[in-house]
Amino acid sequence: MTEREKMLAGLPYRPGDPELQALQAAAKHWMVRYNAALAAPPAERRALLRQQLAAVGDGAVVRPPFHCDYGGNITLGNGAFLNFNCVVLDVVAVTIGDGAQIGPGVQIIAADHPRDAESRRAGLEFGRPVHIGRNAWVGAGAIILPGVSIGEDAIIGAGSVVTRNVPAGATAFGNPARLRAPG
């Protein structure tokens with residue numbers, strides 16, 4: 001198995017692998033072009049997104065500047081919106097559903113590190129997919145950690161650190177984010 005195949009499967013991999021480094025370099029070059037297109041018409045920016053991301057739904061908007069590891073593991077649904085300064089570490093799949101609203105400065109982190117020091121010293125990493133459901137709203141500056149799923153119609157408060165799954169229709173906020181009691 002190649003390091004890229006391991007990475008995409010969520011297995012421990014070596015991020016310094018030449019193939020992965022080349023893919024990241026290509027993503028950096030793409031980000032320079034994309035982020036320079038701030039004043040470009042939406043259709044032109046969407047065409048640029050489609051050059052790098054796995055899928056870009058109709059009407060999806062990503063306001064530059066935007067930063068990612070690879071881009072090729074990010075799927076944006078129809079009408080998904082990412083505001084300025086979003087960061088997506090997409091070593092595995094990151095899915096943002098139809099109509100999801102992502103506030104400025106949000107970080108979506110699918111990259112993870114081993115908990116034992118020996119594996120970290122060996123330079124290993126792994127990923128856990130992140131899913132943000134249809135019509136979810138993630139407030140400004142929130143951080144979504146590896147392996148988290150946010151259900152459709154859920155709300156994440158600004159500045160929250162989301163460490164666990166959030167069910168559909170729920171509201172969560174804080175550090176760590178906790179579900180808000182209905183009422």
# chains A, B, ... in the order shown; residues from 1 in each chain; ligands from 1
call {"tool": "residues_around", "arguments": {"residues": "His29 in chain A", "least_positions_apart": "5", "cutoff": "12 Å", "atoms": "only C-alpha atoms", "output": "list in words"}}
result
Ala22, Leu23, Gln24, Tyr34, Asn35, Ala36, Leu48, Gln51, Gln52, His67, Cys68, Asp69, Tyr70 and Gly71 of chain A
call {"tool": "closest_atom_pairs", "arguments": {"of": "range 31-147 of chain A", "to": "range 12-16 of chain A", "cutoff": "12 Å", "atoms": "only C-alpha atoms", "output": "JSON lines"}}
result
{"residue": "A:Asp69", "atom": "CA", "partner": "A:Pro15", "partner_atom": "CA", "distance": 10.8}
{"residue": "A:Tyr70", "atom": "CA", "partner": "A:Pro15", "partner_atom": "CA", "distance": 11.8}
{"residue": "A:Val91", "atom": "CA", "partner": "A:Pro15", "partner_atom": "CA", "distance": 9.5}
{"residue": "A:Val92", "atom": "CA", "partner": "A:Tyr13", "partner_atom": "CA", "distance": 11.7}
{"residue": "A:Ala111", "atom": "CA", "partner": "A:Pro15", "partner_atom": "CA", "distance": 10.5}
{"residue": "A:Asp112", "atom": "CA", "partner": "A:Pro12", "partner_atom": "CA", "distance": 9.4}
{"residue": "A:His113", "atom": "CA", "partner": "A:Pro12", "partner_atom": "CA", "distance": 8.6}
{"residue": "A:Pro114", "atom": "CA", "partner": "A:Pro12", "partner_atom": "CA", "distance": 8.2}
{"residue": "A:Arg115", "atom": "CA", "partner": "A:Pro12", "partner_atom": "CA", "distance": 11.8}
{"residue": "A:Ser119", "atom": "CA", "partner": "A:Pro12", "partner_atom": "CA", "distance": 9.0}
{"residue": "A:Arg120", "atom": "CA", "partner": "A:Pro12", "partner_atom": "CA", "distance": 10.2}
{"residue": "A:Arg121", "atom": "CA", "partner": "A:Arg14", "partner_atom": "CA", "distance": 11.3}
{"residue": "A:Ala122", "atom": "CA", "partner": "A:Arg14", "partner_atom": "CA", "distance": 8.6}
{"residue": "A:Gly123", "atom": "CA", "partner": "A:Arg14", "partner_atom": "CA", "distance": 6.2}
{"residue": "A:Leu124", "atom": "CA", "partner": "A:Arg14", "partner_atom": "CA", "distance": 5.1}
{"residue": "A:Glu125", "atom": "CA", "partner": "A:Pro12", "partner_atom": "CA", "distance": 5.3}
{"residue": "A:Phe126", "atom": "CA", "partner": "A:Pro12", "partner_atom": "CA", "distance": 4.6}
{"residue": "A:Gly127", "atom": "CA", "partner": "A:Pro12", "partner_atom": "CA", "distance": 8.0}
{"residue": "A:Arg128", "atom": "CA", "partner": "A:Pro12", "partner_atom": "CA", "distance": 10.8}
call {"tool": "write_last_selection", "arguments": {"atoms": "N, CA and C atoms", "output": "short mmCIF file (atom, residue, chain, number, x, y, z; two decimals), in the first residue's frame"}}
result
data_model
loop_
_atom_site.label_atom_id
_atom_site.label_comp_id
_atom_site.auth_asym_id
_atom_site.auth_seq_id
_atom_site.Cartn_x
_atom_site.Cartn_y
_atom_site.Cartn_z
N ASP A 69 -5.06 21.16 2.95
CA ASP A 69 -3.89 20.31 2.74
C ASP A 69 -3.79 19.85 1.29
N TYR A 70 -4.89 19.29 0.78
CA TYR A 70 -4.90 18.70 -0.55
C TYR A 70 -6.03 19.23 -1.43
N VAL A 91 -6.85 15.29 4.97
CA VAL A 91 -6.06 14.10 4.65
C VAL A 91 -6.97 12.91 4.35
N VAL A 92 -8.21 12.98 4.78
CA VAL A 92 -9.27 12.03 4.43
C VAL A 92 -10.49 12.86 4.06
N ALA A 111 -7.08 15.73 9.95
CA ALA A 111 -5.76 15.17 10.25
C ALA A 111 -5.64 14.91 11.75
N ASP A 112 -5.03 13.79 12.09
CA ASP A 112 -4.89 13.42 13.50
C ASP A 112 -3.48 12.86 13.72
N HIS A 113 -3.14 12.68 14.97
CA HIS A 113 -1.82 12.18 15.34
C HIS A 113 -1.96 11.06 16.36
N PRO A 114 -1.03 10.11 16.32
CA PRO A 114 -1.09 9.02 17.30
C PRO A 114 -1.01 9.55 18.72
N ARG A 115 -1.64 8.85 19.63
CA ARG A 115 -1.63 9.26 21.03
C ARG A 115 -0.33 8.83 21.72
N SER A 119 5.02 6.56 18.26
CA SER A 119 4.48 6.68 16.90
C SER A 119 4.61 8.10 16.38
N ARG A 120 4.40 9.09 17.26
CA ARG A 120 4.58 10.48 16.84
C ARG A 120 6.03 10.75 16.48
N ARG A 121 6.97 10.23 17.31
CA ARG A 121 8.40 10.41 17.01
C ARG A 121 8.76 9.77 15.68
N ALA A 122 8.07 8.70 15.34
CA ALA A 122 8.33 8.01 14.07
C ALA A 122 7.77 8.80 12.88
N GLY A 123 7.05 9.90 13.16
CA GLY A 123 6.54 10.75 12.10
C GLY A 123 5.24 10.29 11.49
N LEU A 124 4.52 9.42 12.17
CA LEU A 124 3.26 8.91 11.62
C LEU A 124 2.10 9.85 11.92
N GLU A 125 1.17 9.91 10.99
CA GLU A 125 -0.09 10.62 11.14
C GLU A 125 -1.19 9.71 10.63
N PHE A 126 -2.43 10.11 10.87
CA PHE A 126 -3.58 9.41 10.28
C PHE A 126 -4.72 10.41 10.19
N GLY A 127 -5.80 10.02 9.57
CA GLY A 127 -6.94 10.92 9.45
C GLY A 127 -8.23 10.24 9.85
N ARG A 128 -9.19 11.07 10.22
CA ARG A 128 -10.53 10.60 10.52
C ARG A 128 -11.51 11.54 9.82
#
call {"tool": "residues_around", "arguments": {"residues": "range 132-146 of chain A", "least_positions_apart": "6", "cutoff": "6 Å", "atoms": "only C-alpha atoms", "output": "PyMOL selection string"}}
result
chain A and resi 96-110+152-163
call {"tool": "residues_around", "arguments": {"residues": "Ala93 in chain A", "least_positions_apart": "6", "cutoff": "8 Å", "atoms": "only C-alpha atoms", "output": "list in words"}}
result
Leu8, Asn73, Ile74, Thr75, Ala110, Arg128, Pro129 and Val130 of chain A
call {"tool": "residues_around", "arguments": {"residues": "Asn78 in chain A", "least_positions_apart": "3", "cutoff": "6 Å", "atoms": "only C-alpha atoms", "output": "MDAnalysis selection string"}}
result
chainID A and resid 57:60 98
call {"tool": "select_by_dssp", "arguments": {"residues": "range 17-154 of chain A", "states": "alpha helix (DSSP H)", "output": "short mmCIF file (atom, residue, chain, number, x, y, z; two decimals) with N, CA and C atoms, in the first residue's frame"}}
result
data_model
loop_
_atom_site.label_atom_id
_atom_site.label_comp_id
_atom_site.auth_asym_id
_atom_site.auth_seq_id
_atom_site.Cartn_x
_atom_site.Cartn_y
_atom_site.Cartn_z
N PRO A 18 7.22 11.42 -0.80
CA PRO A 18 7.35 12.29 -1.98
C PRO A 18 6.03 12.51 -2.74
N GLU A 19 5.22 11.47 -2.90
CA GLU A 19 3.96 11.65 -3.61
C GLU A 19 3.05 12.62 -2.85
N LEU A 20 2.97 12.47 -1.54
CA LEU A 20 2.13 13.36 -0.75
C LEU A 20 2.68 14.78 -0.75
N GLN A 21 3.98 14.91 -0.69
CA GLN A 21 4.58 16.24 -0.74
C GLN A 21 4.28 16.93 -2.08
N ALA A 22 4.32 16.16 -3.15
CA ALA A 22 4.02 16.72 -4.48
C ALA A 22 2.56 17.15 -4.56
N LEU A 23 1.66 16.36 -3.99
CA LEU A 23 0.24 16.73 -3.98
C LEU A 23 0.01 17.98 -3.15
N GLN A 24 0.70 18.10 -2.03
CA GLN A 24 0.56 19.31 -1.21
C GLN A 24 1.13 20.53 -1.93
N ALA A 25 2.24 20.34 -2.62
CA ALA A 25 2.83 21.47 -3.38
C ALA A 25 1.86 21.93 -4.46
N ALA A 26 1.22 20.99 -5.14
CA ALA A 26 0.24 21.35 -6.17
C ALA A 26 -0.94 22.10 -5.53
N ALA A 27 -1.37 21.65 -4.36
CA ALA A 27 -2.47 22.34 -3.66
C ALA A 27 -2.05 23.76 -3.27
N LYS A 28 -0.81 23.94 -2.85
CA LYS A 28 -0.33 25.28 -2.49
C LYS A 28 -0.35 26.20 -3.70
N HIS A 29 0.09 25.70 -4.85
CA HIS A 29 0.06 26.51 -6.07
C HIS A 29 -1.38 26.86 -6.45
N TRP A 30 -2.28 25.90 -6.32
CA TRP A 30 -3.69 26.16 -6.60
C TRP A 30 -4.24 27.21 -5.65
N MET A 31 -3.90 27.12 -4.33
CA MET A 31 -4.41 28.09 -3.36
C MET A 31 -3.95 29.51 -3.69
N VAL A 32 -2.72 29.65 -4.17
CA VAL A 32 -2.24 30.98 -4.56
C VAL A 32 -3.15 31.55 -5.65
N ARG A 33 -3.46 30.72 -6.65
CA ARG A 33 -4.35 31.17 -7.73
C ARG A 33 -5.75 31.46 -7.21
N TYR A 34 -6.28 30.54 -6.42
CA TYR A 34 -7.64 30.70 -5.92
C TYR A 34 -7.75 31.94 -5.04
N ASN A 35 -6.83 32.10 -4.12
CA ASN A 35 -6.90 33.22 -3.18
C ASN A 35 -6.65 34.56 -3.86
N ALA A 36 -5.96 34.55 -4.99
CA ALA A 36 -5.76 35.78 -5.76
C ALA A 36 -7.01 36.15 -6.55
N PRO A 42 -18.21 34.91 -9.24
CA PRO A 42 -18.45 33.63 -8.57
C PRO A 42 -18.27 32.41 -9.48
N ALA A 43 -18.73 32.48 -10.71
CA ALA A 43 -18.61 31.34 -11.62
C ALA A 43 -17.15 31.00 -11.89
N GLU A 44 -16.30 32.01 -12.00
CA GLU A 44 -14.88 31.78 -12.22
C GLU A 44 -14.24 31.14 -10.98
N ARG A 45 -14.61 31.62 -9.79
CA ARG A 45 -14.07 31.01 -8.56
C ARG A 45 -14.56 29.57 -8.41
N ARG A 46 -15.83 29.32 -8.75
CA ARG A 46 -16.36 27.95 -8.66
C ARG A 46 -15.61 27.03 -9.63
N ALA A 47 -15.28 27.53 -10.82
CA ALA A 47 -14.49 26.73 -11.78
C ALA A 47 -13.12 26.40 -11.20
N LEU A 48 -12.51 27.35 -10.52
CA LEU A 48 -11.22 27.08 -9.87
C LEU A 48 -11.39 26.03 -8.77
N LEU A 49 -12.46 26.13 -8.00
CA LEU A 49 -12.72 25.13 -6.96
C LEU A 49 -12.83 23.73 -7.56
N ARG A 50 -13.53 23.65 -8.68
CA ARG A 50 -13.74 22.35 -9.33
C ARG A 50 -12.44 21.76 -9.86
N GLN A 51 -11.42 22.59 -10.07
CA GLN A 51 -10.11 22.08 -10.51
C GLN A 51 -9.41 21.31 -9.38
N GLN A 52 -9.71 21.64 -8.12
CA GLN A 52 -8.94 21.06 -7.02
C GLN A 52 -9.75 20.19 -6.07
N ALA A 117 3.67 8.49 22.13
CA ALA A 117 4.81 9.32 21.75
C ALA A 117 5.72 8.63 20.74
N GLU A 118 5.89 7.33 20.85
CA GLU A 118 6.79 6.61 19.94
C GLU A 118 6.32 6.71 18.49
N SER A 119 5.02 6.56 18.26
CA SER A 119 4.48 6.68 16.90
C SER A 119 4.61 8.10 16.38
N ARG A 120 4.40 9.09 17.26
CA ARG A 120 4.58 10.48 16.84
C ARG A 120 6.03 10.75 16.48
N ARG A 121 6.97 10.23 17.31
CA ARG A 121 8.40 10.41 17.01
C ARG A 121 8.76 9.77 15.68
#
call {"tool": "residues_around", "arguments": {"residues": "Pro64 in chain A", "least_positions_apart": "4", "cutoff": "7 Å", "atoms": "only C-alpha atoms", "output": "list in words"}}
result
Asn35, Leu38, Phe84 and Asn85 of chain A
call {"tool": "atom_distance", "arguments": {"atom1": "CA of Ala80 in chain A", "atom2": "CA of Arg4 in chain A"}}
result
27.4 Å
call {"tool": "closest_residue", "arguments": {"among": "A:Pro176, A:Pro41, A:Cys86, A:Thr95", "to": "Val56 in chain A", "atoms": "only C-alpha atoms"}}
result
A:Thr95
call {"tool": "select_by_dssp", "arguments": {"residues": "range 47-138 of chain A", "states": "strand (DSSP E)", "output": "count of residues only"}}
result
33
call {"tool": "atom_distance", "arguments": {"atom1": "CA of Asn165 in chain A", "atom2": "CA of Leu179 in chain A"}}
result
10.0 Å
call {"tool": "atom_distance", "arguments": {"atom1": "CA of Val61 in chain A", "atom2": "CA of Gly151 in chain A"}}
result
20.5 Å
